[in-house]
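final07.cif, holding mmCIF, C-alpha atoms:
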data_start
#
loop_
_atom_site.label_atom_id
_atom_site.label_comp_id
_atom_site.auth_asym_id
_atom_site.auth_seq_id
_atom_site.Cartn_x
_atom_site.Cartn_y
_atom_site.Cartn_z
CA MET A 1 182.53 127.84 70.85
CA THR A 2 181.68 126.97 67.25
CA SER A 3 182.09 123.44 65.94
CA GLY A 4 185.02 124.66 63.82
CA GLU A 5 186.76 126.08 66.89
CA ALA A 6 186.07 122.87 68.82
CA ALA A 7 187.54 120.81 65.97
CA ARG A 8 190.75 122.83 65.96
CA GLU A 9 191.03 122.61 69.74
CA LEU A 10 190.69 118.82 69.59
CA LEU A 11 193.31 118.57 66.85
CA ARG A 12 195.83 120.37 69.00
CA GLU A 13 195.68 117.41 71.41
CA PHE A 14 194.83 114.56 69.04
CA PRO A 15 196.02 115.49 65.56
CA VAL A 16 195.20 113.60 62.39
CA VAL A 17 197.06 110.47 61.40
CA ASP A 18 196.51 110.42 57.65
CA GLY A 19 196.92 107.01 56.04
CA HIS A 20 197.86 108.00 52.51
CA ASN A 21 199.46 111.00 50.83
CA ASP A 22 201.07 110.82 47.37
CA LEU A 23 203.35 113.85 47.71
CA PRO A 24 206.47 111.82 46.76
CA TRP A 25 204.81 110.76 43.49
CA ALA A 26 203.78 114.35 42.73
CA LEU A 27 207.35 115.50 43.35
CA ARG A 28 208.65 112.75 41.06
CA GLU A 29 206.22 113.61 38.26
CA GLN A 30 206.34 117.41 38.51
CA VAL A 31 209.98 118.21 39.23
CA ARG A 32 211.86 114.90 39.29
CA TYR A 33 212.62 115.33 43.00
CA ASP A 34 213.96 118.89 42.68
CA LEU A 35 212.91 119.84 46.19
CA ASP A 36 214.00 123.45 45.70
CA ALA A 37 211.47 123.77 42.87
CA ARG A 38 208.71 122.51 45.17
CA ASP A 39 209.88 123.61 48.61
CA ILE A 40 207.14 122.38 50.94
CA ALA A 41 208.29 124.78 53.66
CA ALA A 42 206.39 127.41 51.65
CA ASP A 43 202.89 127.56 50.21
CA GLN A 44 202.71 125.22 47.20
CA SER A 45 198.96 125.50 46.61
CA ALA A 46 199.50 126.37 42.95
CA HIS A 47 201.03 122.92 42.38
CA LEU A 48 200.31 120.55 45.29
CA HIS A 49 197.68 119.63 47.86
CA THR A 50 200.42 119.35 50.49
CA ASP A 51 202.97 121.60 52.16
CA ILE A 52 204.07 122.14 55.74
CA PRO A 53 202.04 125.32 56.42
CA ARG A 54 198.84 123.59 55.27
CA LEU A 55 199.66 120.37 57.16
CA ARG A 56 199.95 122.54 60.26
CA ALA A 57 196.71 124.37 59.47
CA GLY A 58 194.94 121.04 58.97
CA GLY A 59 196.07 119.63 62.30
CA VAL A 60 198.08 116.75 60.85
CA GLY A 61 200.25 115.03 63.45
CA ALA A 62 201.31 111.93 61.53
CA GLN A 63 201.47 111.14 57.84
CA TYR A 64 201.98 107.89 55.96
CA TRP A 65 203.81 109.06 52.84
CA SER A 66 203.01 106.74 49.93
CA VAL A 67 206.08 105.48 48.07
CA TYR A 68 203.90 104.44 45.12
CA VAL A 69 205.22 103.71 41.65
CA ARG A 70 203.34 102.59 38.55
CA ALA A 71 202.88 98.85 38.11
CA ASP A 72 204.25 99.11 34.57
CA ALA A 73 207.46 100.85 35.65
CA PRO A 74 210.47 99.22 33.92
CA ASP A 75 212.03 98.48 37.33
CA PRO A 76 209.44 98.97 40.07
CA VAL A 77 211.82 98.02 42.89
CA ALA A 78 214.37 100.67 41.86
CA ALA A 79 211.60 103.23 41.41
CA THR A 80 210.24 102.44 44.89
CA LEU A 81 213.72 102.95 46.33
CA GLU A 82 213.80 106.37 44.64
CA GLN A 83 210.48 107.21 46.28
CA ILE A 84 211.82 106.16 49.69
CA ASP A 85 214.86 108.33 49.07
CA CYS A 86 212.54 111.26 48.31
CA VAL A 87 210.86 110.88 51.70
CA ARG A 88 214.24 110.70 53.40
CA GLN A 89 215.32 113.89 51.63
CA LEU A 90 212.16 115.64 52.82
CA LEU A 91 212.83 114.57 56.40
CA ALA A 92 216.43 115.77 56.21
CA ARG A 93 215.34 119.16 54.81
CA HIS A 94 212.61 119.80 57.37
CA PRO A 95 213.70 118.31 60.73
CA GLU A 96 211.90 120.96 62.77
CA ASP A 97 208.55 119.92 61.29
CA LEU A 98 208.89 116.30 60.15
CA ARG A 99 210.09 113.48 62.42
CA PRO A 100 210.97 110.00 61.11
CA ALA A 101 208.71 107.36 62.68
CA LEU A 102 208.89 103.58 62.60
CA THR A 103 206.79 102.65 65.64
CA ALA A 104 203.76 103.77 67.61
CA ALA A 105 206.15 105.06 70.27
CA ASP A 106 207.82 107.22 67.62
CA MET A 107 204.44 108.63 66.69
CA GLU A 108 203.71 109.56 70.29
CA ALA A 109 207.17 111.09 70.67
CA ALA A 110 206.55 113.27 67.60
CA ARG A 111 203.21 114.39 69.02
CA GLY A 112 204.94 115.38 72.26
CA GLU A 113 207.53 117.36 70.30
CA GLY A 114 204.96 119.09 68.12
CA ARG A 115 206.40 117.53 64.97
CA ILE A 116 204.66 115.54 62.23
CA ALA A 117 205.47 111.84 62.51
CA SER A 118 206.47 110.64 59.06
CA LEU A 119 205.96 107.00 58.09
CA MET A 120 206.00 105.28 54.71
CA GLY A 121 203.62 102.93 52.91
CA ALA A 122 204.31 101.08 49.65
CA GLU A 123 201.30 101.11 47.33
CA GLY A 124 201.11 97.91 45.35
CA GLY A 125 202.68 94.48 45.71
CA HIS A 126 204.48 94.98 42.40
CA SER A 127 207.00 96.94 44.52
CA ILE A 128 208.49 93.67 45.82
CA ALA A 129 208.73 91.87 42.45
CA ASN A 130 207.51 88.57 43.92
CA SER A 131 210.39 88.52 46.41
CA LEU A 132 210.02 88.14 50.17
CA GLY A 133 213.63 89.25 50.54
CA THR A 134 212.71 92.50 48.80
CA LEU A 135 209.72 92.85 51.15
CA ARG A 136 212.10 92.60 54.11
CA GLY A 137 214.39 95.11 52.44
CA LEU A 138 211.57 97.66 52.19
CA TYR A 139 210.69 97.09 55.83
CA GLY A 140 214.33 97.65 56.77
CA LEU A 141 214.23 100.97 54.92
CA GLY A 142 211.25 102.12 56.96
CA VAL A 143 208.16 101.02 54.99
CA ARG A 144 205.45 100.23 57.51
CA TYR A 145 202.58 99.13 55.29
CA MET A 146 202.17 97.65 51.86
CA THR A 147 198.99 97.82 49.79
CA LEU A 148 198.76 94.33 48.33
CA THR A 149 197.79 95.61 44.86
CA HIS A 150 197.30 98.90 43.09
CA ASN A 151 194.89 99.19 40.14
CA ASP A 152 196.23 96.05 38.43
CA ASN A 153 196.49 92.48 39.64
CA VAL A 154 199.82 91.20 40.83
CA ASP A 155 200.81 87.58 40.26
CA TRP A 156 199.57 86.61 43.70
CA ALA A 157 196.58 88.89 44.42
CA ASP A 158 193.54 90.32 42.64
CA SER A 159 192.92 94.05 42.40
CA ALA A 160 189.52 95.68 42.74
CA THR A 161 189.85 97.26 39.30
CA ASP A 162 191.23 94.42 37.18
CA GLU A 163 189.77 91.19 35.84
CA PRO A 164 189.87 88.48 38.54
CA ARG A 165 192.65 85.97 38.03
CA ALA A 166 193.70 84.48 41.37
CA GLY A 167 190.27 84.47 42.98
CA GLY A 168 191.69 86.50 45.87
CA LEU A 169 195.11 85.51 47.24
CA THR A 170 197.22 82.66 45.90
CA ALA A 171 199.30 80.45 48.20
CA PHE A 172 202.24 82.83 47.71
CA GLY A 173 199.95 85.76 48.46
CA ARG A 174 199.03 84.22 51.79
CA GLU A 175 202.74 83.75 52.49
CA VAL A 176 203.30 87.46 51.75
CA VAL A 177 200.65 88.31 54.36
CA ARG A 178 202.23 85.97 56.92
CA GLU A 179 205.68 87.45 56.32
CA MET A 180 204.28 90.96 56.69
CA ASN A 181 202.77 89.86 60.01
CA ARG A 182 206.15 88.48 61.10
CA LEU A 183 207.88 91.75 60.21
CA GLY A 184 205.30 94.06 61.76
CA MET A 185 204.38 95.58 58.40
CA LEU A 186 200.70 96.48 58.16
CA VAL A 187 198.69 94.65 55.49
CA ASP A 188 196.87 97.36 53.53
CA LEU A 189 193.71 96.24 51.71
CA SER A 190 192.84 99.42 49.84
CA HIS A 191 192.76 98.76 46.08
CA VAL A 192 192.31 95.00 46.41
CA ALA A 193 189.31 92.94 45.29
CA ALA A 194 186.76 91.96 47.93
CA THR A 195 187.89 88.34 47.53
CA THR A 196 191.43 89.43 48.34
CA MET A 197 190.18 91.37 51.37
CA ARG A 198 188.48 88.26 52.73
CA ASP A 199 191.44 85.98 52.03
CA ALA A 200 193.82 88.43 53.70
CA LEU A 201 191.62 88.64 56.79
CA ASP A 202 191.64 84.84 56.91
CA ALA A 203 195.43 84.72 56.58
CA SER A 204 196.45 87.61 58.83
CA SER A 205 197.20 87.18 62.51
CA ALA A 206 197.67 90.96 62.92
CA PRO A 207 195.34 93.92 62.39
CA VAL A 208 194.95 95.05 58.78
CA ILE A 209 194.27 98.52 57.45
CA PHE A 210 192.54 100.16 54.52
CA SER A 211 194.78 103.20 54.09
CA HIS A 212 192.38 105.12 51.80
CA SER A 213 188.97 103.53 51.16
CA SER A 214 185.33 104.35 51.78
CA ALA A 215 182.08 102.37 52.17
CA ARG A 216 180.64 100.46 49.23
CA ALA A 217 177.13 100.58 50.68
CA VAL A 218 177.23 104.38 50.44
CA CYS A 219 179.04 104.62 47.09
CA ASP A 220 179.06 101.54 44.88
CA HIS A 221 182.61 101.54 43.59
CA PRO A 222 184.82 98.41 43.64
CA ARG A 223 187.56 100.38 45.44
CA ASN A 224 185.30 100.68 48.47
CA VAL A 225 184.79 98.20 51.30
CA PRO A 226 181.68 96.00 51.44
CA ASP A 227 179.78 95.70 54.69
CA ASP A 228 180.67 92.06 55.36
CA VAL A 229 184.35 93.05 55.37
CA LEU A 230 183.73 96.10 57.57
CA GLU A 231 181.94 93.84 60.01
CA ARG A 232 185.03 91.64 60.33
CA LEU A 233 187.30 94.48 61.46
CA PRO A 234 186.42 94.28 65.19
CA ALA A 235 187.54 90.65 65.38
CA ASN A 236 190.69 91.43 63.43
CA GLY A 237 191.45 94.67 65.29
CA GLY A 238 192.12 96.61 62.10
CA MET A 239 190.78 99.85 60.70
CA VAL A 240 189.44 101.55 57.56
CA MET A 241 190.65 105.08 56.77
CA VAL A 242 188.03 107.04 54.85
CA THR A 243 189.22 108.62 51.62
CA PHE A 244 188.16 111.88 49.96
CA VAL A 245 188.45 110.93 46.26
CA PRO A 246 185.10 112.08 44.81
CA LYS A 247 184.53 109.02 42.63
CA PHE A 248 184.88 106.82 45.75
CA VAL A 249 182.68 109.12 47.84
CA LEU A 250 179.78 110.29 45.68
CA GLN A 251 177.60 107.93 43.64
CA ALA A 252 176.88 110.65 41.11
CA ALA A 253 180.63 110.97 40.54
CA VAL A 254 180.91 107.20 39.97
CA ASP A 255 178.14 107.34 37.39
CA TRP A 256 179.61 110.46 35.74
CA THR A 257 183.05 108.84 35.49
CA ALA A 258 181.57 105.74 33.86
CA ALA A 259 179.75 107.89 31.30
CA ALA A 260 182.87 109.98 30.63
CA ASP A 261 184.97 106.83 30.13
CA GLU A 262 182.39 105.40 27.74
CA ASN A 263 182.39 108.67 25.80
CA MET A 264 186.17 108.42 25.41
CA ARG A 265 185.95 104.86 24.14
CA ALA A 266 183.17 105.84 21.72
CA HIS A 267 185.56 108.39 20.22
CA GLY A 268 188.35 105.81 19.89
CA PHE A 269 190.42 106.79 22.95
CA HIS A 270 191.45 104.85 26.03
CA HIS A 271 189.71 106.34 29.05
CA LEU A 272 193.10 107.25 30.62
CA ASP A 273 194.45 108.90 27.46
CA THR A 274 195.73 112.43 28.21
CA THR A 275 196.89 113.42 24.71
CA ALA A 276 195.68 116.76 23.38
CA GLU A 277 193.06 115.19 21.13
CA ALA A 278 191.76 112.93 23.87
CA MET A 279 191.52 115.79 26.37
CA LYS A 280 189.62 117.86 23.80
CA VAL A 281 187.00 115.10 23.68
CA HIS A 282 186.94 114.89 27.46
CA ARG A 283 186.56 118.66 27.96
CA ALA A 284 183.70 118.76 25.49
CA PHE A 285 181.94 116.03 27.47
CA GLU A 286 182.49 117.92 30.73
CA GLU A 287 181.06 121.10 29.22
CA ARG A 288 177.90 119.22 28.29
CA HIS A 289 177.79 117.27 31.57
CA PRO A 290 179.36 119.20 34.48
CA ARG A 291 181.35 117.04 36.88
CA PRO A 292 179.50 116.31 40.16
CA VAL A 293 181.17 117.87 43.22
CA ALA A 294 181.60 115.87 46.43
CA THR A 295 181.21 117.64 49.78
CA VAL A 296 182.26 117.32 53.41
CA PRO A 297 178.80 115.91 54.36
CA ALA A 298 179.22 113.21 51.69
CA VAL A 299 182.48 112.07 53.32
CA ALA A 300 180.84 112.20 56.74
CA ASP A 301 178.07 109.93 55.43
CA HIS A 302 180.71 107.26 54.81
CA LEU A 303 182.08 107.62 58.33
CA ASP A 304 178.58 107.38 59.82
CA HIS A 305 177.98 104.17 57.90
CA MET A 306 181.39 102.66 58.65
CA ARG A 307 180.92 103.46 62.31
CA GLU A 308 177.64 101.54 62.24
CA ALA A 309 179.20 98.56 60.46
CA ALA A 310 182.65 98.37 62.09
CA GLY A 311 182.52 100.52 65.24
CA ILE A 312 184.29 103.70 66.29
CA ASP A 313 187.45 101.82 67.29
CA HIS A 314 188.11 100.85 63.67
CA LEU A 315 187.94 104.14 61.76
CA GLY A 316 190.55 106.59 60.52
CA ILE A 317 191.33 109.08 57.73
CA GLY A 318 193.31 108.60 54.51
CA GLY A 319 192.73 111.56 52.22
CA ASP A 320 194.82 110.47 49.16
CA TYR A 321 196.01 114.04 48.64
CA ASP A 322 198.33 114.61 45.69
CA GLY A 323 197.15 111.27 44.34
CA THR A 324 193.87 112.55 42.92
CA ALA A 325 193.05 115.31 40.47
CA PHE A 326 189.80 116.25 42.23
CA THR A 327 188.87 116.80 45.87
CA PRO A 328 185.61 117.54 47.69
CA ASP A 329 184.34 121.03 48.33
CA GLY A 330 185.67 121.92 51.79
CA LEU A 331 188.45 119.33 51.62
CA ALA A 332 190.50 120.89 48.83
CA ASP A 333 193.87 120.13 50.43
CA VAL A 334 195.52 119.01 53.68
CA SER A 335 194.30 122.11 55.53
CA GLY A 336 190.70 120.88 55.34
CA TYR A 337 190.55 118.19 58.05
CA PRO A 338 189.01 120.56 60.65
CA ASN A 339 186.00 120.98 58.33
CA LEU A 340 185.33 117.24 58.44
CA LEU A 341 185.64 117.13 62.22
CA ALA A 342 183.30 120.12 62.56
CA GLU A 343 180.71 118.29 60.44
CA LEU A 344 181.01 115.20 62.63
CA LEU A 345 180.66 117.30 65.81
CA ASP A 346 177.49 118.79 64.34
CA ARG A 347 176.24 115.22 63.80
CA GLY A 348 176.75 114.35 67.46
CA TRP A 349 180.14 112.67 67.40
CA SER A 350 181.83 113.18 70.77
CA LYS A 351 185.34 114.48 71.31
CA ALA A 352 186.30 110.99 72.52
CA ASP A 353 185.00 109.56 69.25
CA LEU A 354 186.99 112.06 67.21
CA ALA A 355 190.19 111.43 69.20
CA LYS A 356 189.94 107.78 68.15
CA LEU A 357 189.23 108.71 64.53
CA THR A 358 192.12 111.15 64.22
CA TRP A 359 194.87 109.67 66.36
CA LYS A 360 194.24 106.84 68.78
CA ASN A 361 193.04 104.11 66.41
CA ALA A 362 195.96 104.44 63.99
CA VAL A 363 198.53 104.41 66.79
CA ARG A 364 196.88 101.39 68.41
CA VAL A 365 196.77 99.41 65.17
CA LEU A 366 200.46 99.92 64.37
CA ASP A 367 201.40 99.06 67.95
CA ALA A 368 199.27 95.91 67.85
CA ALA A 369 200.80 94.75 64.54
CA GLN A 370 204.28 95.26 65.91
CA ASP A 371 203.37 93.39 69.10
CA VAL A 372 202.16 90.44 67.00
CA ALA A 373 205.48 90.56 65.11
CA ARG A 374 207.50 90.35 68.31
CA GLY A 375 205.71 87.13 69.18
CA LEU A 376 206.00 85.63 65.71
CA GLN A 377 209.70 86.37 65.48
CA THR A 378 210.35 84.08 68.44
CA THR A 379 208.76 81.10 66.65
CA ARG A 380 209.07 81.73 62.92
CA PRO A 381 212.20 82.35 60.83
CA PRO A 382 212.15 84.63 57.78
CA SER A 383 210.36 82.99 54.87
CA ASN A 384 212.35 82.25 51.74
CA ALA A 385 209.36 80.84 49.87
CA ARG A 386 209.31 81.40 46.11
CA ILE A 387 206.23 82.09 44.02
CA GLU A 388 207.23 79.44 41.49
CA ASP A 389 207.19 76.81 44.24
CA LEU A 390 203.93 77.82 45.98
CA ASP A 391 201.88 78.80 42.93
CA ARG A 392 202.93 76.17 40.41
#
Conversion result in structure tokens:
Amino acid sequence: MTSGEAARELLREFPVVDGHNDLPWALREQVRYDLDARDIAADQSAHLHTDIPRLRAGGVGAQYWSVYVRADAPDPVAATLEQIDCVRQLLARHPEDLRPALTAADMEAARGEGRIASLMGAEGGHSIANSLGTLRGLYGLGVRYMTLTHNDNVDWADSATDEPRAGGLTAFGREVVREMNRLGMLVDLSHVAATTMRDALDASSAPVIFSHSSARAVCDHPRNVPDDVLERLPANGGMVMVTFVPKFVLQAAVDWTAAADENMRAHGFHHLDTTAEAMKVHRAFEERHPRPVATVPAVADHLDHMREAAGIDHLGIGGDYDGTAFTPDGLADVSGYPNLLAELLDRGWSKADLAKLTWKNAVRVLDAAQDVARGLQTTRPPSNARIEDLDR
């Protein structure tokens, strides 16, 4: 049996729990939720990284659908509700393939039925507009993790890619973490500054996750997780879910991106400008300096390192499909997970190791967080703390 065949055989029993997929955002941006125009029951490879046939081919058994909206949205709460509604529409359209899931038991039930457990994660604390009542509302609608920040700071937490302001978490930020613990909502530390990671680990009484992050020691990008934080995961019980975004995986891609951004600024454009003139400048740069291509072995290098730092019980996968313009060679879309498992088998990872990576760790972490919540709810009422009171 080849390593590829062995990977697919393992996935039939222990499919992938993927921590982060931005399909709802892609559907919002491309077709404004016209699900007939992007019917994921059929091959959508011309437009998307994700559809049901490729999820099946990739051995995906559970997916956290990101209900991300931009931090500068005029009404981020309303936009987040629209994203949640998109996921609900997808579940209603495809009940034979997608099963709503709120708990670890729901995930196991979906696996037994041969359906893809579908959970939701909110990406960025701006989605709650500094309101713990809104946080509880999102939980009531099915959101089972919240990334504390996206690319920009929020009033109560520092992002990895913004100028530090809070120094980590503020007092209200710590209260957000405690209320998430009380609800059973996973605290997601992807996108946050290392100071915020450490403060959240100090504040959390439940396991945390990194829904789509890689190792900073392997690729020096602020979105990745430093070793001292990885080393704290065993005591916390949480997990880090390796991502496939090339500029978080490959150091050459980090360096290339920095040079491309500087080239844009030198020509008078913001590095995120996508106007015709700006893209002309960017394409000319790329012609002179071809973009580095990440590979499956590069992603496996991160997992090898994270296993050394955190242990096999604290690893998972969060590809960030449909949330990135570029993907590694061999991991072009959601059908590619078997290629990563085959690489790890070739490196000596056992089937027991891979079962933890793909399925068991993610199910355990959600179950543990919800168990902590059951205990907290017997001793702690809902918090009605206000940011203006705690962070004066």
Each stretch 97-196 of chain A residue no farther than 12 Å from stretch 18-31 of chain A, nearest pair in Å, only C-alpha atoms, as a Markdown table:
| residue | atom | partner | partner_atom | distance |
| --- | --- | --- | --- | --- |
| A:Ile116 | CA | A:Asp18 | CA | 10.7 |
| A:Ala117 | CA | A:Asp18 | CA | 10.3 |
| A:Ser118 | CA | A:Asp18 | CA | 10.1 |
| A:Leu119 | CA | A:Gly19 | CA | 9.3 |
| A:Met120 | CA | A:His20 | CA | 8.9 |
| A:Gly121 | CA | A:His20 | CA | 7.7 |
| A:Ala122 | CA | A:His20 | CA | 9.9 |
| A:Glu123 | CA | A:His20 | CA | 9.3 |
| A:Arg144 | CA | A:Gly19 | CA | 11.0 |
| A:Tyr145 | CA | A:Gly19 | CA | 9.7 |
| A:Met146 | CA | A:His20 | CA | 11.2 |
| A:Thr147 | CA | A:His20 | CA | 10.6 |
| A:Leu186 | CA | A:Gly19 | CA | 11.4 |
| A:Asp188 | CA | A:Gly19 | CA | 10.0 |
| A:Ser190 | CA | A:His20 | CA | 10.3 |
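Considering the residues A:Leu341, A:Cys219, A:Ile317, A:Val229 and counting only C-alpha atoms, A:Ala62 has its shortest atom-to-atom contact with A:Ile317.
Taking only C-alpha atoms into account, the residues near (195.8, 112.4, 45.8), no farther than 8 Å, are A:Asn21, A:Asp22, A:Leu23, A:His49, A:Val245, A:Gly319, A:Asp320, A:Tyr321, A:Asp322, A:Gly323, A:Thr324, A:Ala325, A:Phe326.
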Those same residues - C-alpha atoms - I'd like them written as a short mmCIF file (atom, residue, chain, number, x, y, z; two decimals), keeping the file's coordinate frame.
data_model
loop_
_atom_site.label_atom_id
_atom_site.label_comp_id
_atom_site.auth_asym_id
_atom_site.auth_seq_id
_atom_site.Cartn_x
_atom_site.Cartn_y
_atom_site.Cartn_z
CA ASN A 21 199.46 111.00 50.83
CA ASP A 22 201.07 110.82 47.37
CA LEU A 23 203.35 113.85 47.71
CA HIS A 49 197.68 119.63 47.86
CA VAL A 245 188.45 110.93 46.26
CA GLY A 319 192.73 111.56 52.22
CA ASP A 320 194.82 110.47 49.16
CA TYR A 321 196.01 114.04 48.64
CA ASP A 322 198.33 114.61 45.69
CA GLY A 323 197.15 111.27 44.34
CA THR A 324 193.87 112.55 42.92
CA ALA A 325 193.05 115.31 40.47
CA PHE A 326 189.80 116.25 42.23
#
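Atom CA of A:Ala215 is found 21.0 Å from atom CA of A:Pro164.
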Suppose you want the space between atom CA of A:Leu366 and atom CA of A:Thr103; what is it in Å?
->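 Between these atoms lies a distance of 7.0 Å.
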Among listed residues A:Asn151, A:Thr378, A:Thr295, A:Ser350, nearest A:Asp72 (using only C-alpha atoms) = A:Asn151
May I have the residues within 10 Å of stretch 269-281 of chain A as JSON, numbers by chain, using all atoms listed in the file and disregarding those fewer than 6 positions away in the same chain?
-> {"A": [257, 258, 260, 261, 262, 263]}
Output the residue selection produced by the PyMOL selection byres ((chain A and resi 95) around 12) on the file above, formatted as a list of chain:residue names.
->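 Taken over the shown coordinates, the PyMOL selection byres ((chain A and resi 95) around 12) returns A:Ala41, A:Ile52, A:Arg88, A:Gln89, A:Leu90, A:Leu91, A:Ala92, A:Arg93, A:His94, A:Glu96, A:Asp97, A:Leu98, A:Arg99, A:Pro100, A:Ala110, A:Glu113, A:Gly114, A:Arg115, A:Ile116, A:Ala117, A:Ser118.
Atom to atom, atom CA of A:Met239 and atom CA of A:Met180 stand 16.7 Å apart.
Minimum atom-to-atom distance to A:Val77, evaluated using only C-alpha atoms, belongs to A:Ala129 out of A:Leu135, A:Leu345, A:Ala129, A:Leu357.
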Quick one: apply the PyMOL selection byres ((chain A and resi 169-178) around 10) to the file and drop the selected residues here as number ranges by chain.
-> A: 125, 130-132, 135, 146, 148, 154-158, 165-168, 179-188, 192-193, 195-206, 208, 373, 376, 383-392
Name all residues at most 9 Å from A:Asp353 (count only C-alpha atoms; drop same-chain ones fewer than 5 positions away) and give them as a VMD selection string.
-> chain A and resid 312 to 313 358
Just the residues within 10 Å of A:His289, please, counting only C-alpha atoms, with nothing from its chain fewer than 3 positions along; format it as a list in words.
->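 In the requested form, the answer reads Trp256, Ala259, Ala260, Arg283, Ala284, Phe285, Glu286 and Pro292 of chain A.
Checking A:Trp349, A:Trp359, A:Tyr337, A:Phe244 one by one against A:His302, counting only C-alpha atoms, you find the shortest gap at A:Phe244.
Among the candidates A:Val363, A:Val240, A:Ala235, A:Val218, the one nearest to A:His305 when counting all atoms listed in the file is A:Val218.
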Could you check which of A:Lys360, A:Asp227, A:Ala298, A:Ala217 is closest to A:Glu343, using all atoms listed in the file?
->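 Counting all atoms listed in the file, the residue closest to A:Glu343 is A:Ala298.
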Expansion of the PyMOL selection byres ((chain A and resi 80) around 8) into residues, as a list in words | Val67, Tyr68, Val69, Pro76, Val77, Ala78, Ala79, Leu81, Glu82, Gln83, Ile84, Ala122 and Ser127 of chain A
